[in-house]
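Scroll down for the structure; my scribbles are underneath it.
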Amino acid sequence: MYTKKRLDLFTSNRPHSDMLTIVGSGKVGGSAALFSALRRVDREILLLDVVEGLPQGEAMDLNHTLSEQGIDVEVRGSNSYEDMAGSDVIVVVAGSGRKPGMTRMDLLKKNAGIVADVARNIKKFAPDCIVMPVTNPLDPITYVIQRVTGFERGRVFGMGNMLDASRFRQFIHEATGYSRHAIHASVIGEHGEKMLPLVRFASISGIPLTALVKPKELDELVVDTRSVAARVIATKGATVHAPGNAISVIAESIMSDRHDVLSVATCLDGEYGHVDVAIGVPAAIGRSGVENIIELELNEDERAVFDAGVNNVKSAISGLSF
């Protein structure tokens with residue numbers, strides 16, 4: 001059904017300081033800090049932002065919340081990249097967000113320049129860290145950060161498909177009425193309009209989703225998963241809580257060295273027949289980052305969607321200079 005390929009990664013000699021840094025202290029960055037603190041992902045969380053006062057104020061607000069909860073995670077705010085030194089994981093949320101009517105790719109040129117500067121500072125001040133891009137368009141941005149930092153590809157991987165999967169599972173819940181806890185479903189490929197919800201691999205307590213839901217309804221689940229982000233943005237202006245939570249799930253798997261299999265955007269080197277592109281694939285995530293990539297045997301239709309997403313990302317990055 002699948003094969004897995006071990007990546008050539010650095011291993012346990014990477015120093016650990018138990019500090020999570022989030023670059024970008026807007027709504028998503030603040031949400032990611034809150035969910036990460038509630039999960040006790042790290043003992044210290046640093047919020048970094050170029051806007052003076054913003055990360056400091058957000059840190060105070062979060063610490064007041066954590067105090068009431070009795071959670072001994074310290075949140076700090078800073079406007080200096082130097083303070084990220086020693087970070088285990090750096091989450092990059094910095095950049096412009098989608099506005100109603102925009103696609104993720106509409107943000108590419110502006111955000112690529114922003115994250116390239118962030119990446120240069122990461123390389124300078126935190127050369128041993130793992131980097132989790134969140135800025136849209138997620139897959140090209142992941143590629144930019146990996147190229148600018150020069151880090152091993154297993155140390156740079158984006159959050160995108162984890163967010164998509166949470167939406168896919170919610171639509172399965174709505175369609176079936178079964179407990180969210182029983183639903184297992186993943187999304188791979190581009191974090192965008194050509195994402196691939198894996199209907200054939202989804203299940204409810206081990207029962208294939210295809211045995212429980214009619215084909216027409218399955219098609220509707222896919223369409224809804226691909227389009228729902230635009231609906232959220234149109235109604236409330238931004239997606240906040242779901243991406244914040246997805247970030248914390250991945251960070252927890254890294255810091256707890258749990259080897260969870262999660263869909264993340266990482267640079268391929270022959271997997272799924274592609275090289276020199278970042279795209280969402282299932283991977284085991286632990287203290288070293290991406291430990292191996294699981295190669296699923298996609299059918300013809302699934303392969304066509306996956307390859308279309310790859311080609312879309314390749315087209316986007318071909319016009320970038322950084």
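As shown in the structure tokens, the chain order sets the letters A, B, ...; within each chain, residues go from 1, and ligands are also counted from 1 in the order they appear.
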
Per-residue nearest contacts of range 143-233 of chain A to range 67-90 of chain A (12 Å; only C-alpha atoms) as a Markdown table:
```
| residue | atom | partner | partner_atom | distance |
| --- | --- | --- | --- | --- |
| A:Ile145 | CA | A:Ile90 | CA | 11.6 |
| A:Arg155 | CA | A:Val89 | CA | 9.2 |
| A:Val156 | CA | A:Ile90 | CA | 9.6 |
| A:Phe157 | CA | A:Ile90 | CA | 10.8 |
| A:Gly158 | CA | A:Ile90 | CA | 11.2 |
```

Just all heavy atoms for this one: save the residues we selected as a short mmCIF file (atom, residue, chain, number, x, y, z; two decimals), in the first residue's frame.
```
data_model
loop_
_atom_site.label_atom_id
_atom_site.label_comp_id
_atom_site.auth_asym_id
_atom_site.auth_seq_id
_atom_site.Cartn_x
_atom_site.Cartn_y
_atom_site.Cartn_z
N ILE A 145 12.00 29.30 2.29
CA ILE A 145 12.70 29.25 3.57
C ILE A 145 13.77 28.16 3.56
O ILE A 145 14.89 28.36 4.06
CB ILE A 145 11.70 29.03 4.72
CG1 ILE A 145 10.84 30.29 4.89
CG2 ILE A 145 12.42 28.69 6.03
CD1 ILE A 145 9.77 30.18 5.96
N ARG A 155 14.29 19.66 8.28
CA ARG A 155 14.15 20.68 9.32
C ARG A 155 13.26 21.84 8.90
O ARG A 155 13.08 22.78 9.69
CB ARG A 155 15.52 21.21 9.73
CG ARG A 155 16.31 20.27 10.60
CD ARG A 155 17.31 21.07 11.43
NE ARG A 155 18.49 21.44 10.67
CZ ARG A 155 19.19 22.54 10.91
NH1 ARG A 155 18.82 23.41 11.84
NH2 ARG A 155 20.28 22.81 10.20
N VAL A 156 12.70 21.80 7.71
CA VAL A 156 11.82 22.88 7.25
C VAL A 156 10.57 22.24 6.66
O VAL A 156 10.65 21.54 5.63
CB VAL A 156 12.51 23.75 6.18
CG1 VAL A 156 11.57 24.88 5.75
CG2 VAL A 156 13.82 24.32 6.69
N PHE A 157 9.43 22.41 7.31
CA PHE A 157 8.20 21.82 6.79
C PHE A 157 6.99 22.65 7.23
O PHE A 157 6.92 23.14 8.35
CB PHE A 157 8.05 20.36 7.23
CG PHE A 157 8.27 20.10 8.68
CD1 PHE A 157 7.22 20.07 9.58
CD2 PHE A 157 9.55 19.86 9.16
CE1 PHE A 157 7.43 19.82 10.93
CE2 PHE A 157 9.79 19.61 10.50
CZ PHE A 157 8.71 19.59 11.39
N GLY A 158 6.06 22.80 6.29
CA GLY A 158 4.94 23.70 6.51
C GLY A 158 3.71 23.03 7.08
O GLY A 158 3.50 21.82 6.96
#
```

Could you give me, as a tab-separated table, every range 30-79 of chain A residue with an atom at most 12 Å from range 101-125 of chain A, plus its closest atom pair and distance in Å to one decimal, counting only C-alpha atoms, rows ordered by chain then number?
```
residue	atom	partner	partner_atom	distance
A:Leu48	CA	A:Val118	CA	10.6
A:Asp49	CA	A:Val118	CA	10.5
A:Val50	CA	A:Val118	CA	10.7
```

- Hey, which of A:Ala229, A:Met132, A:Leu47, A:Leu62 ends up closest to Ile247 in chain A? Count only C-alpha atoms. A:Met132

- Message: Report, in Å to a single decimal, how far apart CA of Val240 in chain A and CA of Gly53 in chain A are.
- Response: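 A separation of 20.8 Å between them.
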
- Message: Report as a PyMOL selection string all protein, DNA and RNA residues lying within 12 Å of His184 in chain A, evaluated on only C-alpha atoms, omitting residues in the same chain fewer than 2 positions from it.
- Response: chain A and resi 165-173+178-182+186-187+197-209+261-262

Write the residues of the preceding selection, restricted to C-alpha atoms, as an mmCIF file, in the first residue's frame.
```cif
data_model
loop_
_atom_site.group_PDB
_atom_site.id
_atom_site.type_symbol
_atom_site.label_atom_id
_atom_site.label_comp_id
_atom_site.auth_asym_id
_atom_site.auth_seq_id
_atom_site.Cartn_x
_atom_site.Cartn_y
_atom_site.Cartn_z
ATOM 1 C CA ALA A 165 -7.319 17.793 7.359
ATOM 2 C CA SER A 166 -9.104 19.353 10.332
ATOM 3 C CA ARG A 167 -11.629 20.857 7.925
ATOM 4 C CA PHE A 168 -12.001 17.573 6.038
ATOM 5 C CA ARG A 169 -12.722 15.731 9.285
ATOM 6 C CA GLN A 170 -15.310 18.321 10.295
ATOM 7 C CA PHE A 171 -17.189 17.876 7.023
ATOM 8 C CA ILE A 172 -17.103 14.099 7.479
ATOM 9 C CA HIS A 173 -18.554 14.609 10.966
ATOM 10 C CA TYR A 178 -20.400 10.211 13.942
ATOM 11 C CA SER A 179 -18.025 11.334 16.672
ATOM 12 C CA ARG A 180 -15.093 13.495 15.611
ATOM 13 C CA HIS A 181 -12.930 11.244 17.789
ATOM 14 C CA ALA A 182 -13.672 8.263 15.543
ATOM 15 C CA SER A 186 -5.840 13.210 5.773
ATOM 16 C CA VAL A 187 -5.180 15.733 3.046
ATOM 17 C CA PRO A 197 -8.395 15.119 0.452
ATOM 18 C CA LEU A 198 -7.697 11.386 0.667
ATOM 19 C CA VAL A 199 -11.255 10.053 0.520
ATOM 20 C CA ARG A 200 -10.133 6.509 -0.254
ATOM 21 C CA PHE A 201 -7.926 6.398 2.854
ATOM 22 C CA ALA A 202 -10.401 8.028 5.273
ATOM 23 C CA SER A 203 -12.176 5.915 7.894
ATOM 24 C CA ILE A 204 -14.484 6.008 10.879
ATOM 25 C CA SER A 205 -13.269 3.646 13.609
ATOM 26 C CA GLY A 206 -11.519 1.608 10.942
ATOM 27 C CA ILE A 207 -14.534 1.425 8.619
ATOM 28 C CA PRO A 208 -13.716 2.915 5.198
ATOM 29 C CA LEU A 209 -15.522 6.181 4.588
ATOM 30 C CA VAL A 261 2.317 10.690 11.049
ATOM 31 C CA LEU A 262 1.117 14.114 9.903
#
```

- Between A:Gly177, A:Glu193, A:Asn312, A:Cys267, which one has atoms that come closest to Phe151 in chain A, using only C-alpha atoms?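 Between A:Gly177, A:Glu193, A:Asn312, A:Cys267, the residue approaching Phe151 in chain A most closely is A:Cys267.
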
- Message: Please return, as number ranges by chain, all residues of range 15-240 of chain A that DSSP assigns to strand (DSSP E or B) on the basis of the backbone.
- Response: A: 19-23, 44-48, 74-78, 89-92, 130-133, 156, 158, 183-184, 187-189, 195-197, 203-204, 207-208

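What separates CA of Pro282 in chain A from CA of Val264 in chain A is a distance of 6.4 Å.
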
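Restricting the calculation to only C-alpha atoms, the smallest distance between Leu320 in chain A and any of A:Val134, A:Leu298, A:Ile293, A:Ile141 is found for A:Ile141.
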
- Check the smallest atom-to-atom distance from each of A:Gly24, A:Pro100, A:Gly29, A:Pro127 to Thr235 in chain A using only C-alpha atoms, then report the winner.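 Checking each candidate against Thr235 in chain A, we get A:Pro100 as the closest.
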
- Could you state the separation of CA of Val228 in chain A and CA of Gly192 in chain A in Å, given to one decimal place? 10.9 Å

If you run DSSP on the backbone, which residues of range 118-253 of chain A are alpha helix (DSSP H), as a short mmCIF file (atom, residue, chain, number, x, y, z; two decimals) with N, CA, C and O atoms, in the first residue's frame?
```cif
data_model
loop_
_atom_site.label_atom_id
_atom_site.label_comp_id
_atom_site.auth_asym_id
_atom_site.auth_seq_id
_atom_site.Cartn_x
_atom_site.Cartn_y
_atom_site.Cartn_z
N VAL A 118 13.12 36.92 7.05
CA VAL A 118 13.00 36.16 8.29
C VAL A 118 13.95 34.96 8.26
O VAL A 118 14.64 34.67 9.24
N ALA A 119 13.99 34.27 7.12
CA ALA A 119 14.83 33.08 7.00
C ALA A 119 16.31 33.41 7.19
O ALA A 119 17.06 32.64 7.80
N ARG A 120 16.74 34.55 6.65
CA ARG A 120 18.14 34.94 6.82
C ARG A 120 18.46 35.18 8.30
O ARG A 120 19.56 34.84 8.77
N ASN A 121 17.53 35.75 9.03
CA ASN A 121 17.74 35.96 10.47
C ASN A 121 17.70 34.65 11.24
O ASN A 121 18.44 34.48 12.21
N ILE A 122 16.86 33.73 10.82
CA ILE A 122 16.84 32.41 11.46
C ILE A 122 18.18 31.72 11.27
O ILE A 122 18.75 31.17 12.22
N LYS A 123 18.69 31.77 10.06
CA LYS A 123 19.99 31.14 9.78
C LYS A 123 21.10 31.77 10.62
O LYS A 123 22.01 31.08 11.09
N LYS A 124 21.00 33.07 10.84
CA LYS A 124 22.03 33.78 11.60
C LYS A 124 21.94 33.51 13.09
O LYS A 124 22.97 33.27 13.75
N PHE A 125 20.73 33.54 13.65
CA PHE A 125 20.60 33.52 15.10
C PHE A 125 20.15 32.17 15.66
O PHE A 125 20.32 31.91 16.86
N LEU A 138 1.57 28.59 1.25
CA LEU A 138 2.37 27.78 2.15
C LEU A 138 3.48 26.98 1.45
O LEU A 138 4.63 26.99 1.90
N ASP A 139 3.15 26.30 0.38
CA ASP A 139 4.15 25.43 -0.26
C ASP A 139 5.31 26.20 -0.87
O ASP A 139 6.48 25.88 -0.61
N PRO A 140 5.06 27.26 -1.68
CA PRO A 140 6.18 28.05 -2.18
C PRO A 140 6.98 28.72 -1.06
O PRO A 140 8.22 28.81 -1.15
N ILE A 141 6.30 29.16 -0.01
CA ILE A 141 7.00 29.81 1.11
C ILE A 141 7.91 28.81 1.82
O ILE A 141 9.04 29.14 2.23
N THR A 142 7.45 27.58 1.97
CA THR A 142 8.30 26.54 2.57
C THR A 142 9.56 26.34 1.73
O THR A 142 10.67 26.23 2.26
N TYR A 143 9.40 26.31 0.43
CA TYR A 143 10.53 26.16 -0.49
C TYR A 143 11.50 27.33 -0.33
O TYR A 143 12.73 27.13 -0.26
N VAL A 144 10.99 28.55 -0.26
CA VAL A 144 11.84 29.74 -0.10
C VAL A 144 12.65 29.64 1.18
O VAL A 144 13.87 29.89 1.19
N ILE A 145 12.00 29.30 2.29
CA ILE A 145 12.70 29.25 3.57
C ILE A 145 13.77 28.16 3.56
O ILE A 145 14.89 28.36 4.06
N GLN A 146 13.48 27.01 2.98
CA GLN A 146 14.48 25.95 2.93
C GLN A 146 15.69 26.37 2.10
O GLN A 146 16.83 26.14 2.48
N ARG A 147 15.42 27.02 0.97
CA ARG A 147 16.51 27.45 0.10
C ARG A 147 17.35 28.56 0.74
O ARG A 147 18.58 28.55 0.65
N VAL A 148 16.70 29.52 1.39
CA VAL A 148 17.44 30.64 1.98
C VAL A 148 18.25 30.19 3.19
O VAL A 148 19.41 30.59 3.35
N THR A 149 17.68 29.35 4.04
CA THR A 149 18.41 28.88 5.22
C THR A 149 19.47 27.86 4.85
O THR A 149 20.53 27.79 5.48
N GLY A 160 0.38 23.51 6.32
CA GLY A 160 -0.84 23.59 5.54
C GLY A 160 -1.84 22.45 5.59
O GLY A 160 -3.01 22.64 5.91
N ASN A 161 -1.40 21.23 5.24
CA ASN A 161 -2.35 20.13 5.14
C ASN A 161 -2.91 19.69 6.48
O ASN A 161 -3.98 19.06 6.53
N MET A 162 -2.22 19.99 7.57
CA MET A 162 -2.80 19.70 8.89
C MET A 162 -4.06 20.51 9.11
O MET A 162 -5.05 20.02 9.66
N LEU A 163 -4.05 21.75 8.66
CA LEU A 163 -5.24 22.59 8.73
C LEU A 163 -6.32 22.06 7.80
O LEU A 163 -7.50 21.97 8.18
N ASP A 164 -5.95 21.69 6.58
CA ASP A 164 -6.91 21.15 5.63
C ASP A 164 -7.57 19.89 6.17
O ASP A 164 -8.78 19.68 6.00
N ALA A 165 -6.78 19.04 6.83
CA ALA A 165 -7.32 17.79 7.36
C ALA A 165 -8.35 18.04 8.45
O ALA A 165 -9.34 17.30 8.57
N SER A 166 -8.13 19.06 9.27
CA SER A 166 -9.10 19.35 10.33
C SER A 166 -10.44 19.76 9.73
O SER A 166 -11.51 19.42 10.24
N ARG A 167 -10.39 20.46 8.61
CA ARG A 167 -11.63 20.86 7.92
C ARG A 167 -12.29 19.65 7.27
O ARG A 167 -13.52 19.50 7.32
N PHE A 168 -11.49 18.79 6.65
CA PHE A 168 -12.00 17.57 6.04
C PHE A 168 -12.72 16.72 7.08
O PHE A 168 -13.84 16.22 6.84
N ARG A 169 -12.10 16.54 8.23
CA ARG A 169 -12.72 15.73 9.29
C ARG A 169 -14.03 16.35 9.78
O ARG A 169 -14.99 15.64 10.08
N GLN A 170 -14.08 17.67 9.87
CA GLN A 170 -15.31 18.32 10.29
C GLN A 170 -16.45 18.07 9.30
O GLN A 170 -17.59 17.79 9.70
N PHE A 171 -16.15 18.13 8.02
CA PHE A 171 -17.19 17.88 7.02
C PHE A 171 -17.64 16.42 7.05
O PHE A 171 -18.82 16.13 6.82
N ILE A 172 -16.72 15.50 7.32
CA ILE A 172 -17.10 14.10 7.48
C ILE A 172 -18.04 13.95 8.69
O ILE A 172 -19.05 13.24 8.63
N HIS A 173 -17.70 14.62 9.77
CA HIS A 173 -18.55 14.61 10.97
C HIS A 173 -19.96 15.14 10.65
O HIS A 173 -20.97 14.54 11.04
N GLU A 174 -20.02 16.24 9.93
CA GLU A 174 -21.32 16.82 9.60
C GLU A 174 -22.13 15.91 8.68
O GLU A 174 -23.35 15.82 8.80
N ALA A 175 -21.43 15.22 7.77
CA ALA A 175 -22.13 14.37 6.80
C ALA A 175 -22.63 13.07 7.42
O ALA A 175 -23.66 12.52 6.99
N THR A 176 -21.91 12.57 8.43
CA THR A 176 -22.25 11.26 8.99
C THR A 176 -22.90 11.33 10.37
O THR A 176 -23.63 10.41 10.75
N PRO A 215 -21.11 8.16 -3.19
CA PRO A 215 -20.10 8.84 -4.01
C PRO A 215 -20.37 10.33 -4.23
O PRO A 215 -19.44 11.15 -4.17
N LYS A 216 -21.61 10.70 -4.48
CA LYS A 216 -21.92 12.12 -4.70
C LYS A 216 -21.62 12.94 -3.46
O LYS A 216 -21.07 14.05 -3.55
N GLU A 217 -21.92 12.40 -2.29
CA GLU A 217 -21.64 13.11 -1.04
C GLU A 217 -20.15 13.17 -0.77
O GLU A 217 -19.65 14.15 -0.20
N LEU A 218 -19.42 12.14 -1.19
CA LEU A 218 -17.96 12.17 -1.05
C LEU A 218 -17.37 13.30 -1.88
O LEU A 218 -16.47 14.01 -1.44
N ASP A 219 -17.88 13.47 -3.09
CA ASP A 219 -17.42 14.57 -3.95
C ASP A 219 -17.69 15.92 -3.29
O ASP A 219 -16.87 16.84 -3.37
N GLU A 220 -18.83 16.04 -2.63
CA GLU A 220 -19.17 17.29 -1.96
C GLU A 220 -18.23 17.56 -0.80
O GLU A 220 -17.87 18.73 -0.53
N LEU A 221 -17.81 16.51 -0.10
CA LEU A 221 -16.85 16.68 1.00
C LEU A 221 -15.54 17.27 0.48
O LEU A 221 -14.93 18.14 1.12
N VAL A 222 -15.10 16.79 -0.67
CA VAL A 222 -13.85 17.29 -1.27
C VAL A 222 -13.98 18.75 -1.65
O VAL A 222 -13.11 19.58 -1.35
N VAL A 223 -15.07 19.10 -2.33
CA VAL A 223 -15.29 20.48 -2.75
C VAL A 223 -15.35 21.40 -1.54
O VAL A 223 -14.74 22.49 -1.54
N ASP A 224 -16.06 20.99 -0.50
CA ASP A 224 -16.18 21.82 0.70
C ASP A 224 -14.83 22.02 1.37
O ASP A 224 -14.51 23.13 1.84
N THR A 225 -14.02 20.98 1.43
CA THR A 225 -12.70 21.08 2.07
C THR A 225 -11.82 22.07 1.34
O THR A 225 -11.08 22.85 1.95
N ARG A 226 -11.89 22.05 0.02
CA ARG A 226 -11.05 22.95 -0.78
C ARG A 226 -11.50 24.41 -0.69
O ARG A 226 -10.69 25.31 -0.84
N SER A 227 -12.77 24.64 -0.48
CA SER A 227 -13.30 26.00 -0.59
C SER A 227 -13.62 26.67 0.73
O SER A 227 -13.88 27.87 0.76
N VAL A 228 -13.58 25.94 1.84
CA VAL A 228 -14.10 26.49 3.09
C VAL A 228 -13.27 27.65 3.62
O VAL A 228 -13.81 28.57 4.26
N ALA A 229 -11.96 27.65 3.39
CA ALA A 229 -11.13 28.75 3.91
C ALA A 229 -11.61 30.08 3.36
O ALA A 229 -11.69 31.07 4.09
N ALA A 230 -11.94 30.11 2.07
CA ALA A 230 -12.44 31.35 1.47
C ALA A 230 -13.75 31.79 2.11
O ALA A 230 -14.00 32.99 2.27
N ARG A 231 -14.58 30.82 2.50
CA ARG A 231 -15.86 31.16 3.15
C ARG A 231 -15.63 31.74 4.53
O ARG A 231 -16.31 32.68 4.94
N VAL A 232 -14.68 31.17 5.26
CA VAL A 232 -14.36 31.71 6.59
C VAL A 232 -13.84 33.14 6.47
O VAL A 232 -14.25 34.04 7.21
N ILE A 233 -12.94 33.36 5.52
CA ILE A 233 -12.37 34.69 5.32
C ILE A 233 -13.44 35.69 4.92
O ILE A 233 -13.45 36.84 5.37
N ALA A 234 -14.37 35.25 4.07
CA ALA A 234 -15.44 36.15 3.62
C ALA A 234 -16.36 36.55 4.76
O ALA A 234 -16.91 37.65 4.77
N THR A 235 -16.52 35.67 5.76
CA THR A 235 -17.46 35.96 6.83
C THR A 235 -16.82 36.65 8.04
O THR A 235 -17.42 37.54 8.63
N LYS A 236 -15.60 36.27 8.40
CA LYS A 236 -14.98 36.86 9.59
C LYS A 236 -13.64 37.54 9.34
O LYS A 236 -13.05 38.09 10.26
N HIS A 241 -8.30 30.26 14.66
CA HIS A 241 -8.18 29.23 15.68
C HIS A 241 -7.73 27.88 15.11
O HIS A 241 -6.89 27.19 15.71
N ALA A 242 -8.28 27.49 13.96
CA ALA A 242 -7.90 26.20 13.38
C ALA A 242 -6.41 26.16 13.00
O ALA A 242 -5.72 25.19 13.31
N PRO A 243 -5.87 27.20 12.34
CA PRO A 243 -4.43 27.17 12.08
C PRO A 243 -3.59 27.25 13.35
O PRO A 243 -2.55 26.59 13.46
N GLY A 244 -4.04 28.03 14.33
CA GLY A 244 -3.31 28.10 15.59
C GLY A 244 -3.21 26.74 16.26
O GLY A 244 -2.16 26.35 16.77
N ASN A 245 -4.32 26.00 16.23
CA ASN A 245 -4.32 24.67 16.81
C ASN A 245 -3.44 23.71 16.01
O ASN A 245 -2.69 22.92 16.59
N ALA A 246 -3.52 23.77 14.68
CA ALA A 246 -2.71 22.88 13.85
C ALA A 246 -1.22 23.08 14.11
O ALA A 246 -0.44 22.11 14.17
N ILE A 247 -0.81 24.32 14.26
CA ILE A 247 0.58 24.62 14.58
C ILE A 247 0.99 23.93 15.88
O ILE A 247 2.06 23.31 15.97
N SER A 248 0.14 24.03 16.89
CA SER A 248 0.47 23.46 18.19
C SER A 248 0.54 21.93 18.15
O SER A 248 1.35 21.32 18.85
N VAL A 249 -0.29 21.29 17.31
CA VAL A 249 -0.26 19.83 17.18
C VAL A 249 1.09 19.39 16.63
O VAL A 249 1.72 18.44 17.14
N ILE A 250 1.56 20.07 15.58
CA ILE A 250 2.85 19.71 14.99
C ILE A 250 3.99 19.99 15.96
O ILE A 250 4.91 19.19 16.13
N ALA A 251 3.94 21.14 16.61
CA ALA A 251 4.99 21.50 17.58
C ALA A 251 5.05 20.49 18.71
O ALA A 251 6.14 20.11 19.17
N GLU A 252 3.89 20.03 19.15
CA GLU A 252 3.86 19.03 20.23
C GLU A 252 4.49 17.72 19.78
O GLU A 252 5.22 17.07 20.54
N SER A 253 4.24 17.32 18.54
CA SER A 253 4.84 16.08 18.04
C SER A 253 6.35 16.19 17.97
O SER A 253 7.07 15.23 18.26
#
```

- Tell me which of A:Ala185, A:Ala32, A:Met255, A:Gln56 sits closest to Met159 in chain A, counting only C-alpha atoms.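 Going through A:Ala185, A:Ala32, A:Met255, A:Gln56 one by one, the smallest distance to Met159 in chain A is for A:Ala32.
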